[in-house]
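For reference, model_0.cif is printed below; it contains mmCIF, N, CA and C atoms; chains and numbers go by the auth columns.
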```cif
data_query
loop_
_atom_site.group_PDB
_atom_site.id
_atom_site.type_symbol
_atom_site.label_atom_id
_atom_site.label_comp_id
_atom_site.label_asym_id
_atom_site.label_seq_id
_atom_site.Cartn_x
_atom_site.Cartn_y
_atom_site.Cartn_z
_atom_site.B_iso_or_equiv
_atom_site.auth_seq_id
_atom_site.auth_asym_id
ATOM 1 N N MET A 1 0.845 -1.172 0.000 0.00 1 A
ATOM 2 C CA MET A 1 0.000 0.000 0.000 0.00 1 A
ATOM 3 C C MET A 1 0.890 1.235 0.000 0.00 1 A
ATOM 4 N N GLU A 2 0.421 2.250 -0.669 0.00 2 A
ATOM 5 C CA GLU A 2 1.151 3.501 -0.706 0.00 2 A
ATOM 6 C C GLU A 2 1.243 4.088 0.703 0.00 2 A
ATOM 7 N N ARG A 3 2.407 4.568 1.045 0.00 3 A
ATOM 8 C CA ARG A 3 2.661 5.064 2.399 0.00 3 A
ATOM 9 C C ARG A 3 1.698 6.187 2.798 0.00 3 A
ATOM 10 N N GLY A 4 1.471 7.139 1.899 0.00 4 A
ATOM 11 C CA GLY A 4 0.586 8.260 2.208 0.00 4 A
ATOM 12 C C GLY A 4 -0.833 7.823 2.508 0.00 4 A
ATOM 13 N N THR A 5 -1.326 6.848 1.770 0.00 5 A
ATOM 14 C CA THR A 5 -2.677 6.325 1.989 0.00 5 A
ATOM 15 C C THR A 5 -2.764 5.643 3.343 0.00 5 A
ATOM 16 N N PHE A 6 -1.763 4.840 3.674 0.00 6 A
ATOM 17 C CA PHE A 6 -1.750 4.152 4.962 0.00 6 A
ATOM 18 C C PHE A 6 -1.705 5.157 6.112 0.00 6 A
ATOM 19 N N ILE A 7 -0.885 6.171 5.974 0.00 7 A
ATOM 20 C CA ILE A 7 -0.756 7.172 7.037 0.00 7 A
ATOM 21 C C ILE A 7 -2.068 7.923 7.243 0.00 7 A
ATOM 22 N N SER A 8 -2.750 8.265 6.165 0.00 8 A
ATOM 23 C CA SER A 8 -4.026 8.972 6.322 0.00 8 A
ATOM 24 C C SER A 8 -5.075 8.078 6.970 0.00 8 A
ATOM 25 N N LYS A 9 -5.087 6.788 6.639 0.00 9 A
ATOM 26 C CA LYS A 9 -6.024 5.857 7.282 0.00 9 A
ATOM 27 C C LYS A 9 -5.674 5.687 8.760 0.00 9 A
ATOM 28 N N PHE A 10 -4.385 5.594 9.063 0.00 10 A
ATOM 29 C CA PHE A 10 -3.971 5.486 10.463 0.00 10 A
ATOM 30 C C PHE A 10 -4.410 6.721 11.249 0.00 10 A
ATOM 31 N N THR A 11 -4.196 7.895 10.679 0.00 11 A
ATOM 32 C CA THR A 11 -4.561 9.138 11.359 0.00 11 A
ATOM 33 C C THR A 11 -6.050 9.173 11.668 0.00 11 A
ATOM 34 N N LYS A 12 -6.862 8.731 10.734 0.00 12 A
ATOM 35 C CA LYS A 12 -8.313 8.692 10.954 0.00 12 A
ATOM 36 C C LYS A 12 -8.653 7.749 12.110 0.00 12 A
ATOM 37 N N LEU A 13 -8.049 6.553 12.117 0.00 13 A
ATOM 38 C CA LEU A 13 -8.294 5.596 13.200 0.00 13 A
ATOM 39 C C LEU A 13 -7.782 6.130 14.541 0.00 13 A
ATOM 40 N N ALA A 14 -6.627 6.781 14.532 0.00 14 A
ATOM 41 C CA ALA A 14 -6.067 7.353 15.765 0.00 14 A
ATOM 42 C C ALA A 14 -6.987 8.434 16.320 0.00 14 A
ATOM 43 N N ASP A 15 -7.573 9.232 15.432 0.00 15 A
ATOM 44 C CA ASP A 15 -8.522 10.262 15.867 0.00 15 A
ATOM 45 C C ASP A 15 -9.747 9.632 16.519 0.00 15 A
ATOM 46 N N GLU A 16 -10.249 8.539 15.927 0.00 16 A
ATOM 47 C CA GLU A 16 -11.415 7.849 16.479 0.00 16 A
ATOM 48 C C GLU A 16 -11.117 7.272 17.865 0.00 16 A
ATOM 49 N N ILE A 17 -9.942 6.665 18.025 0.00 17 A
ATOM 50 C CA ILE A 17 -9.537 6.097 19.319 0.00 17 A
ATOM 51 C C ILE A 17 -9.401 7.215 20.357 0.00 17 A
ATOM 52 N N LYS A 18 -8.790 8.320 19.970 0.00 18 A
ATOM 53 C CA LYS A 18 -8.600 9.454 20.889 0.00 18 A
ATOM 54 C C LYS A 18 -9.951 10.008 21.344 0.00 18 A
ATOM 55 N N GLU A 19 -10.885 10.140 20.400 0.00 19 A
ATOM 56 C CA GLU A 19 -12.202 10.684 20.727 0.00 19 A
ATOM 57 C C GLU A 19 -13.007 9.731 21.607 0.00 19 A
ATOM 58 N N LYS A 20 -12.959 8.446 21.291 0.00 20 A
ATOM 59 C CA LYS A 20 -13.787 7.461 21.998 0.00 20 A
ATOM 60 C C LYS A 20 -13.229 7.088 23.369 0.00 20 A
ATOM 61 N N TYR A 21 -11.905 6.897 23.464 0.00 21 A
ATOM 62 C CA TYR A 21 -11.298 6.391 24.702 0.00 21 A
ATOM 63 C C TYR A 21 -10.363 7.384 25.395 0.00 21 A
ATOM 64 N N GLY A 22 -10.050 8.492 24.745 0.00 22 A
ATOM 65 C CA GLY A 22 -9.127 9.459 25.333 0.00 22 A
ATOM 66 C C GLY A 22 -7.694 8.968 25.370 0.00 22 A
ATOM 67 N N VAL A 23 -7.355 8.076 24.455 0.00 23 A
ATOM 68 C CA VAL A 23 -6.028 7.458 24.421 0.00 23 A
ATOM 69 C C VAL A 23 -5.253 7.980 23.212 0.00 23 A
ATOM 70 N N SER A 24 -4.041 8.437 23.452 0.00 24 A
ATOM 71 C CA SER A 24 -3.168 8.880 22.368 0.00 24 A
ATOM 72 C C SER A 24 -2.395 7.686 21.834 0.00 24 A
ATOM 73 N N ILE A 25 -2.444 7.511 20.521 0.00 25 A
ATOM 74 C CA ILE A 25 -1.641 6.472 19.873 0.00 25 A
ATOM 75 C C ILE A 25 -0.900 7.107 18.710 0.00 25 A
ATOM 76 N N TRP A 26 0.258 6.555 18.407 0.00 26 A
ATOM 77 C CA TRP A 26 1.014 7.082 17.291 0.00 26 A
ATOM 78 C C TRP A 26 1.735 5.957 16.568 0.00 26 A
ATOM 79 N N LEU A 27 2.000 6.225 15.304 0.00 27 A
ATOM 80 C CA LEU A 27 2.663 5.279 14.420 0.00 27 A
ATOM 81 C C LEU A 27 4.129 5.656 14.345 0.00 27 A
ATOM 82 N N VAL A 28 4.996 4.665 14.468 0.00 28 A
ATOM 83 C CA VAL A 28 6.427 4.904 14.324 0.00 28 A
ATOM 84 C C VAL A 28 6.988 3.987 13.252 0.00 28 A
ATOM 85 N N GLU A 29 7.996 4.503 12.569 0.00 29 A
ATOM 86 C CA GLU A 29 8.731 3.692 11.608 0.00 29 A
ATOM 87 C C GLU A 29 9.965 3.164 12.321 0.00 29 A
ATOM 88 N N ILE A 30 10.229 1.882 12.150 0.00 30 A
ATOM 89 C CA ILE A 30 11.360 1.236 12.809 0.00 30 A
ATOM 90 C C ILE A 30 12.582 1.373 11.907 0.00 30 A
ATOM 91 N N LEU A 31 13.607 2.008 12.437 0.00 31 A
ATOM 92 C CA LEU A 31 14.851 2.234 11.699 0.00 31 A
ATOM 93 C C LEU A 31 15.997 1.639 12.508 0.00 31 A
ATOM 94 N N GLY A 32 16.154 0.339 12.400 0.00 32 A
ATOM 95 C CA GLY A 32 17.146 -0.345 13.225 0.00 32 A
ATOM 96 C C GLY A 32 16.716 -0.314 14.676 0.00 32 A
ATOM 97 N N ARG A 33 17.546 0.283 15.539 0.00 33 A
ATOM 98 C CA ARG A 33 17.190 0.401 16.958 0.00 33 A
ATOM 99 C C ARG A 33 16.424 1.684 17.257 0.00 33 A
ATOM 100 N N ARG A 34 16.323 2.555 16.275 0.00 34 A
ATOM 101 C CA ARG A 34 15.641 3.843 16.460 0.00 34 A
ATOM 102 C C ARG A 34 14.185 3.756 16.032 0.00 34 A
ATOM 103 N N ARG A 35 13.388 4.699 16.520 0.00 35 A
ATOM 104 C CA ARG A 35 11.982 4.821 16.141 0.00 35 A
ATOM 105 C C ARG A 35 11.751 6.250 15.664 0.00 35 A
ATOM 106 N N SER A 36 11.078 6.376 14.545 0.00 36 A
ATOM 107 C CA SER A 36 10.795 7.686 13.985 0.00 36 A
ATOM 108 C C SER A 36 9.287 7.913 13.950 0.00 36 A
ATOM 109 N N PHE A 37 8.828 9.001 14.579 0.00 37 A
ATOM 110 C CA PHE A 37 7.406 9.342 14.603 0.00 37 A
ATOM 111 C C PHE A 37 6.920 9.576 13.176 0.00 37 A
ATOM 112 N N VAL A 38 5.755 8.977 12.841 0.00 38 A
ATOM 113 C CA VAL A 38 5.182 9.135 11.509 0.00 38 A
ATOM 114 C C VAL A 38 3.854 9.881 11.569 0.00 38 A
ATOM 115 N N ALA A 39 2.946 9.450 12.453 0.00 39 A
ATOM 116 C CA ALA A 39 1.615 10.059 12.513 0.00 39 A
ATOM 117 C C ALA A 39 0.947 9.725 13.836 0.00 39 A
ATOM 118 N N GLY A 40 -0.142 10.436 14.122 0.00 40 A
ATOM 119 C CA GLY A 40 -0.935 10.141 15.308 0.00 40 A
ATOM 120 C C GLY A 40 -0.839 11.229 16.351 0.00 40 A
ATOM 121 N N HIS A 41 -1.195 10.867 17.568 0.00 41 A
ATOM 122 C CA HIS A 41 -1.235 11.794 18.697 0.00 41 A
ATOM 123 C C HIS A 41 -0.165 11.392 19.704 0.00 41 A
ATOM 124 N N LYS A 42 1.014 11.943 19.554 0.00 42 A
ATOM 125 C CA LYS A 42 2.117 11.608 20.450 0.00 42 A
ATOM 126 C C LYS A 42 1.924 12.313 21.784 0.00 42 A
ATOM 127 N N GLU A 43 2.209 11.599 22.851 0.00 43 A
ATOM 128 C CA GLU A 43 2.023 12.141 24.192 0.00 43 A
ATOM 129 C C GLU A 43 3.266 11.865 25.024 0.00 43 A
ATOM 130 N N ASP A 44 3.729 12.881 25.714 0.00 44 A
ATOM 131 C CA ASP A 44 4.866 12.707 26.614 0.00 44 A
ATOM 132 C C ASP A 44 4.355 12.252 27.973 0.00 44 A
ATOM 133 N N ALA A 45 5.037 11.284 28.552 0.00 45 A
ATOM 134 C CA ALA A 45 4.644 10.762 29.857 0.00 45 A
ATOM 135 C C ALA A 45 5.896 10.318 30.605 0.00 45 A
ATOM 136 N N PHE A 46 5.723 10.085 31.896 0.00 46 A
ATOM 137 C CA PHE A 46 6.846 9.638 32.714 0.00 46 A
ATOM 138 C C PHE A 46 7.195 8.177 32.456 0.00 46 A
ATOM 139 N N LEU A 47 6.195 7.378 32.175 0.00 47 A
ATOM 140 C CA LEU A 47 6.428 5.963 31.913 0.00 47 A
ATOM 141 C C LEU A 47 6.714 5.736 30.437 0.00 47 A
ATOM 142 N N PRO A 48 7.546 4.745 30.131 0.00 48 A
ATOM 143 C CA PRO A 48 7.832 4.477 28.718 0.00 48 A
ATOM 144 C C PRO A 48 6.590 3.912 28.014 0.00 48 A
ATOM 145 N N PRO A 49 6.372 4.312 26.770 0.00 49 A
ATOM 146 C CA PRO A 49 5.216 3.798 26.034 0.00 49 A
ATOM 147 C C PRO A 49 5.416 2.343 25.631 0.00 49 A
ATOM 148 N N GLU A 50 4.303 1.674 25.374 0.00 50 A
ATOM 149 C CA GLU A 50 4.335 0.275 24.941 0.00 50 A
ATOM 150 C C GLU A 50 4.189 0.218 23.426 0.00 50 A
ATOM 151 N N GLU A 51 5.096 -0.507 22.784 0.00 51 A
ATOM 152 C CA GLU A 51 5.066 -0.694 21.333 0.00 51 A
ATOM 153 C C GLU A 51 4.345 -1.984 20.991 0.00 51 A
ATOM 154 N N ILE A 52 3.565 -1.936 19.918 0.00 52 A
ATOM 155 C CA ILE A 52 2.984 -3.142 19.348 0.00 52 A
ATOM 156 C C ILE A 52 3.400 -3.151 17.884 0.00 52 A
ATOM 157 N N PHE A 53 4.157 -4.165 17.498 0.00 53 A
ATOM 158 C CA PHE A 53 4.692 -4.239 16.147 0.00 53 A
ATOM 159 C C PHE A 53 3.616 -4.680 15.161 0.00 53 A
ATOM 160 N N LEU A 54 3.516 -3.934 14.049 0.00 54 A
ATOM 161 C CA LEU A 54 2.596 -4.300 12.977 0.00 54 A
ATOM 162 C C LEU A 54 3.301 -5.185 11.958 0.00 54 A
ATOM 163 N N ASN A 55 4.554 -4.876 11.697 0.00 55 A
ATOM 164 C CA ASN A 55 5.425 -5.679 10.838 0.00 55 A
ATOM 165 C C ASN A 55 6.865 -5.274 11.159 0.00 55 A
ATOM 166 N N GLU A 56 7.806 -5.629 10.293 0.00 56 A
ATOM 167 C CA GLU A 56 9.207 -5.321 10.575 0.00 56 A
ATOM 168 C C GLU A 56 9.538 -3.839 10.384 0.00 56 A
ATOM 169 N N LYS A 57 8.617 -3.080 9.760 0.00 57 A
ATOM 170 C CA LYS A 57 8.889 -1.681 9.457 0.00 57 A
ATOM 171 C C LYS A 57 8.106 -0.683 10.314 0.00 57 A
ATOM 172 N N PHE A 58 6.934 -1.084 10.827 0.00 58 A
ATOM 173 C CA PHE A 58 6.082 -0.155 11.571 0.00 58 A
ATOM 174 C C PHE A 58 5.615 -0.739 12.900 0.00 58 A
ATOM 175 N N ALA A 59 5.402 0.160 13.864 0.00 59 A
ATOM 176 C CA ALA A 59 4.827 -0.210 15.159 0.00 59 A
ATOM 177 C C ALA A 59 3.853 0.887 15.582 0.00 59 A
ATOM 178 N N VAL A 60 2.911 0.507 16.434 0.00 60 A
ATOM 179 C CA VAL A 60 1.965 1.451 17.015 0.00 60 A
ATOM 180 C C VAL A 60 2.327 1.580 18.490 0.00 60 A
ATOM 181 N N VAL A 61 2.299 2.808 18.997 0.00 61 A
ATOM 182 C CA VAL A 61 2.781 3.082 20.343 0.00 61 A
ATOM 183 C C VAL A 61 1.719 3.843 21.139 0.00 61 A
ATOM 184 N N SER A 62 1.619 3.518 22.437 0.00 62 A
ATOM 185 C CA SER A 62 0.732 4.255 23.338 0.00 62 A
ATOM 186 C C SER A 62 1.194 4.066 24.776 0.00 62 A
ATOM 187 N N ASN A 63 0.816 5.015 25.614 0.00 63 A
ATOM 188 C CA ASN A 63 1.066 4.907 27.054 0.00 63 A
ATOM 189 C C ASN A 63 -0.123 4.313 27.789 0.00 63 A
ATOM 190 N N GLU A 64 -1.249 4.153 27.084 0.00 64 A
ATOM 191 C CA GLU A 64 -2.492 3.798 27.770 0.00 64 A
ATOM 192 C C GLU A 64 -3.293 2.708 27.058 0.00 64 A
ATOM 193 N N TRP A 65 -2.630 1.683 26.583 0.00 65 A
ATOM 194 C CA TRP A 65 -3.336 0.596 25.897 0.00 65 A
ATOM 195 C C TRP A 65 -4.421 -0.015 26.776 0.00 65 A
ATOM 196 N N GLU A 66 -4.214 -0.014 28.079 0.00 66 A
ATOM 197 C CA GLU A 66 -5.161 -0.666 28.991 0.00 66 A
ATOM 198 C C GLU A 66 -6.531 0.012 29.010 0.00 66 A
ATOM 199 N N LYS A 67 -6.631 1.249 28.550 0.00 67 A
ATOM 200 C CA LYS A 67 -7.918 1.951 28.515 0.00 67 A
ATOM 201 C C LYS A 67 -8.802 1.523 27.337 0.00 67 A
ATOM 202 N N ILE A 68 -8.197 0.852 26.361 0.00 68 A
ATOM 203 C CA ILE A 68 -8.950 0.385 25.195 0.00 68 A
ATOM 204 C C ILE A 68 -9.357 -1.061 25.453 0.00 68 A
ATOM 205 N N PRO A 69 -10.645 -1.395 25.318 0.00 69 A
ATOM 206 C CA PRO A 69 -11.068 -2.787 25.511 0.00 69 A
ATOM 207 C C PRO A 69 -10.293 -3.727 24.579 0.00 69 A
ATOM 208 N N GLN A 70 -9.939 -4.897 25.096 0.00 70 A
ATOM 209 C CA GLN A 70 -9.111 -5.846 24.354 0.00 70 A
ATOM 210 C C GLN A 70 -9.673 -6.146 22.965 0.00 70 A
ATOM 211 N N GLU A 71 -10.966 -6.363 22.874 0.00 71 A
ATOM 212 C CA GLU A 71 -11.587 -6.690 21.584 0.00 71 A
ATOM 213 C C GLU A 71 -11.430 -5.536 20.587 0.00 71 A
ATOM 214 N N GLU A 72 -11.614 -4.333 21.060 0.00 72 A
ATOM 215 C CA GLU A 72 -11.474 -3.145 20.206 0.00 72 A
ATOM 216 C C GLU A 72 -10.017 -2.959 19.780 0.00 72 A
ATOM 217 N N LYS A 73 -9.090 -3.200 20.701 0.00 73 A
ATOM 218 C CA LYS A 73 -7.666 -3.069 20.393 0.00 73 A
ATOM 219 C C LYS A 73 -7.252 -4.083 19.329 0.00 73 A
ATOM 220 N N GLU A 74 -7.709 -5.322 19.461 0.00 74 A
ATOM 221 C CA GLU A 74 -7.381 -6.353 18.477 0.00 74 A
ATOM 222 C C GLU A 74 -7.960 -6.016 17.109 0.00 74 A
ATOM 223 N N LYS A 75 -9.179 -5.509 17.091 0.00 75 A
ATOM 224 C CA LYS A 75 -9.813 -5.110 15.833 0.00 75 A
ATOM 225 C C LYS A 75 -9.008 -3.991 15.162 0.00 75 A
ATOM 226 N N PHE A 76 -8.612 -3.002 15.939 0.00 76 A
ATOM 227 C CA PHE A 76 -7.817 -1.882 15.448 0.00 76 A
ATOM 228 C C PHE A 76 -6.485 -2.359 14.866 0.00 76 A
ATOM 229 N N LEU A 77 -5.777 -3.210 15.606 0.00 77 A
ATOM 230 C CA LEU A 77 -4.476 -3.701 15.151 0.00 77 A
ATOM 231 C C LEU A 77 -4.607 -4.574 13.911 0.00 77 A
ATOM 232 N N ASN A 78 -5.621 -5.425 13.866 0.00 78 A
ATOM 233 C CA ASN A 78 -5.837 -6.268 12.688 0.00 78 A
ATOM 234 C C ASN A 78 -6.145 -5.430 11.457 0.00 78 A
ATOM 235 N N THR A 79 -6.922 -4.369 11.635 0.00 79 A
ATOM 236 C CA THR A 79 -7.223 -3.465 10.519 0.00 79 A
ATOM 237 C C THR A 79 -5.941 -2.847 9.975 0.00 79 A
ATOM 238 N N LEU A 80 -5.072 -2.387 10.861 0.00 80 A
ATOM 239 C CA LEU A 80 -3.812 -1.782 10.425 0.00 80 A
ATOM 240 C C LEU A 80 -2.921 -2.794 9.716 0.00 80 A
ATOM 241 N N LYS A 81 -2.834 -3.997 10.248 0.00 81 A
ATOM 242 C CA LYS A 81 -1.997 -5.028 9.623 0.00 81 A
ATOM 243 C C LYS A 81 -2.502 -5.372 8.230 0.00 81 A
ATOM 244 N N LYS A 82 -3.817 -5.465 8.064 0.00 82 A
ATOM 245 C CA LYS A 82 -4.393 -5.750 6.744 0.00 82 A
ATOM 246 C C LYS A 82 -4.107 -4.619 5.768 0.00 82 A
ATOM 247 N N GLU A 83 -4.184 -3.389 6.239 0.00 83 A
ATOM 248 C CA GLU A 83 -3.895 -2.240 5.376 0.00 83 A
ATOM 249 C C GLU A 83 -2.440 -2.255 4.912 0.00 83 A
ATOM 250 N N LEU A 84 -1.537 -2.673 5.779 0.00 84 A
ATOM 251 C CA LEU A 84 -0.119 -2.739 5.401 0.00 84 A
ATOM 252 C C LEU A 84 0.144 -3.826 4.367 0.00 84 A
ATOM 253 N N GLU A 85 -0.650 -4.877 4.375 0.00 85 A
ATOM 254 C CA GLU A 85 -0.459 -5.982 3.432 0.00 85 A
ATOM 255 C C GLU A 85 -0.897 -5.627 2.019 0.00 85 A
ATOM 256 N N LYS A 86 -1.726 -4.603 1.884 0.00 86 A
ATOM 257 C CA LYS A 86 -2.236 -4.225 0.554 0.00 86 A
ATOM 258 C C LYS A 86 -1.142 -3.667 -0.320 0.00 86 A
#
```
Translate the structure described by the file into structure tokens.
Amino acid sequence: MERGTFISKFTKLADEIKEKYGVSIWLVEILGRRRSFVAGHKEDAFLPPEEIFLNEKFAVVSNEWEKIPQEEKEKFLNTLKKELEK
């Protein structure tokens, strides 16, 4: 899938999660040991954020995954993984 299309879809989903659950999530590109912010609602916090890998190139990050119901989180992650496969 074209990177720009994926990023715009991610941003839309991140906005929906932020509005519904009050949780900031952001997409990062994995560059070796480094992470580069790509899109979403980045939030600074005292605790380190939790990464969930979508594939070898991208991960989704948040400080508050526990606020999103497990079923909704799995649906969100599966949607992103399918979009990356296109």
Item to complete: Using only N, CA and C atoms, determine which residues lie at most 8 Å from Glu43 in chain A, disregarding the query and same-chain residues fewer than 2 positions distant; provide the list as a list in words.
Response: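 Answer for this query is Ser24, Ile25, Trp26, Gly40, His41, Ala45, Phe46, Val61, Ser62 and Asn63 of chain A.
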Worksheet item: Between CA of Gly22 in chain A and CA of Leu47 in chain A, what is the distance, to one decimal in Å?
Response: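 Computing the Euclidean distance for CA of Gly22 in chain A and CA of Leu47 in chain A yields 17.2 Å.
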Worksheet item: What is the atom N of Glu85 in chain A to atom N of Arg34 in chain A distance in Å?
Response: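 Rounded to one decimal, the two atoms are 22.0 Å apart.
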Worksheet item: What is the distance, in Å and to one decimal place, between atom N of Lys67 in chain A and atom N of Thr11 in chain A?
Response: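 Going from atom N of Lys67 in chain A over to atom N of Thr11 in chain A covers 19.2 Å.
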Discussion item. Which residue is closest to Lys86 in chain A? Choose from A:Glu2, A:Lys18, A:Val60, A:Ser36 and count only N, CA and C atoms.
Written reply: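 Once distances to Lys86 in chain A are computed over only N, CA and C atoms, the minimum belongs to A:Glu2.
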Worksheet item: Taking only C-alpha atoms into account, which of A:Glu64, A:Glu83, A:Glu74, A:Glu16 comes nearest Glu51 in chain A?
Response: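 Closest to Glu51 in chain A, using only C-alpha atoms: A:Glu64.
Nearest to Ile68 in chain A of all the residues A:Gly32, A:Thr5, A:Val23, A:Lys12 is A:Val23, counting all atoms listed in the file.
These are the residues of chain A assigned strand (DSSP E or B) by DSSP from backbone coordinates: Ile25, Trp26, Leu27, Val28, Glu29, Ile30, Leu31, Arg34, Arg35, Ser36, Phe37, Val38, Ala39, Gly40, Glu50, Glu51, Ile52, Phe53, Phe58, Ala59, Val60, Val61 and Ser62 of chain A.
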Worksheet item: Neighbours of Leu27 in chain A within 6 Å (only C-alpha atoms; same-chain residues fewer than 5 positions away dropped), as a list in words?
Response: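 With the cut-off at 6 Å, the set is Val38, Ala39, Ala59 and Val60 of chain A.
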Fill in: Residue list (helix (DSSP H, G or I), DSSP) for range 10-82 of chain A, as a list in words
Phe10, Thr11, Lys12, Leu13, Ala14, Asp15, Glu16, Ile17, Lys18, Glu19, Lys20, Tyr21, Trp65, Glu66, Lys67, Gln70, Glu71, Glu72, Lys73, Glu74, Lys75, Phe76, Leu77, Asn78, Thr79, Leu80, Lys81 and Lys82 of chain A
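Using only C-alpha atoms for every distance, the candidate list A:Phe76, A:Phe58, A:Phe10, A:Phe53 yields A:Phe58 as the residue closest to Val28 in chain A.
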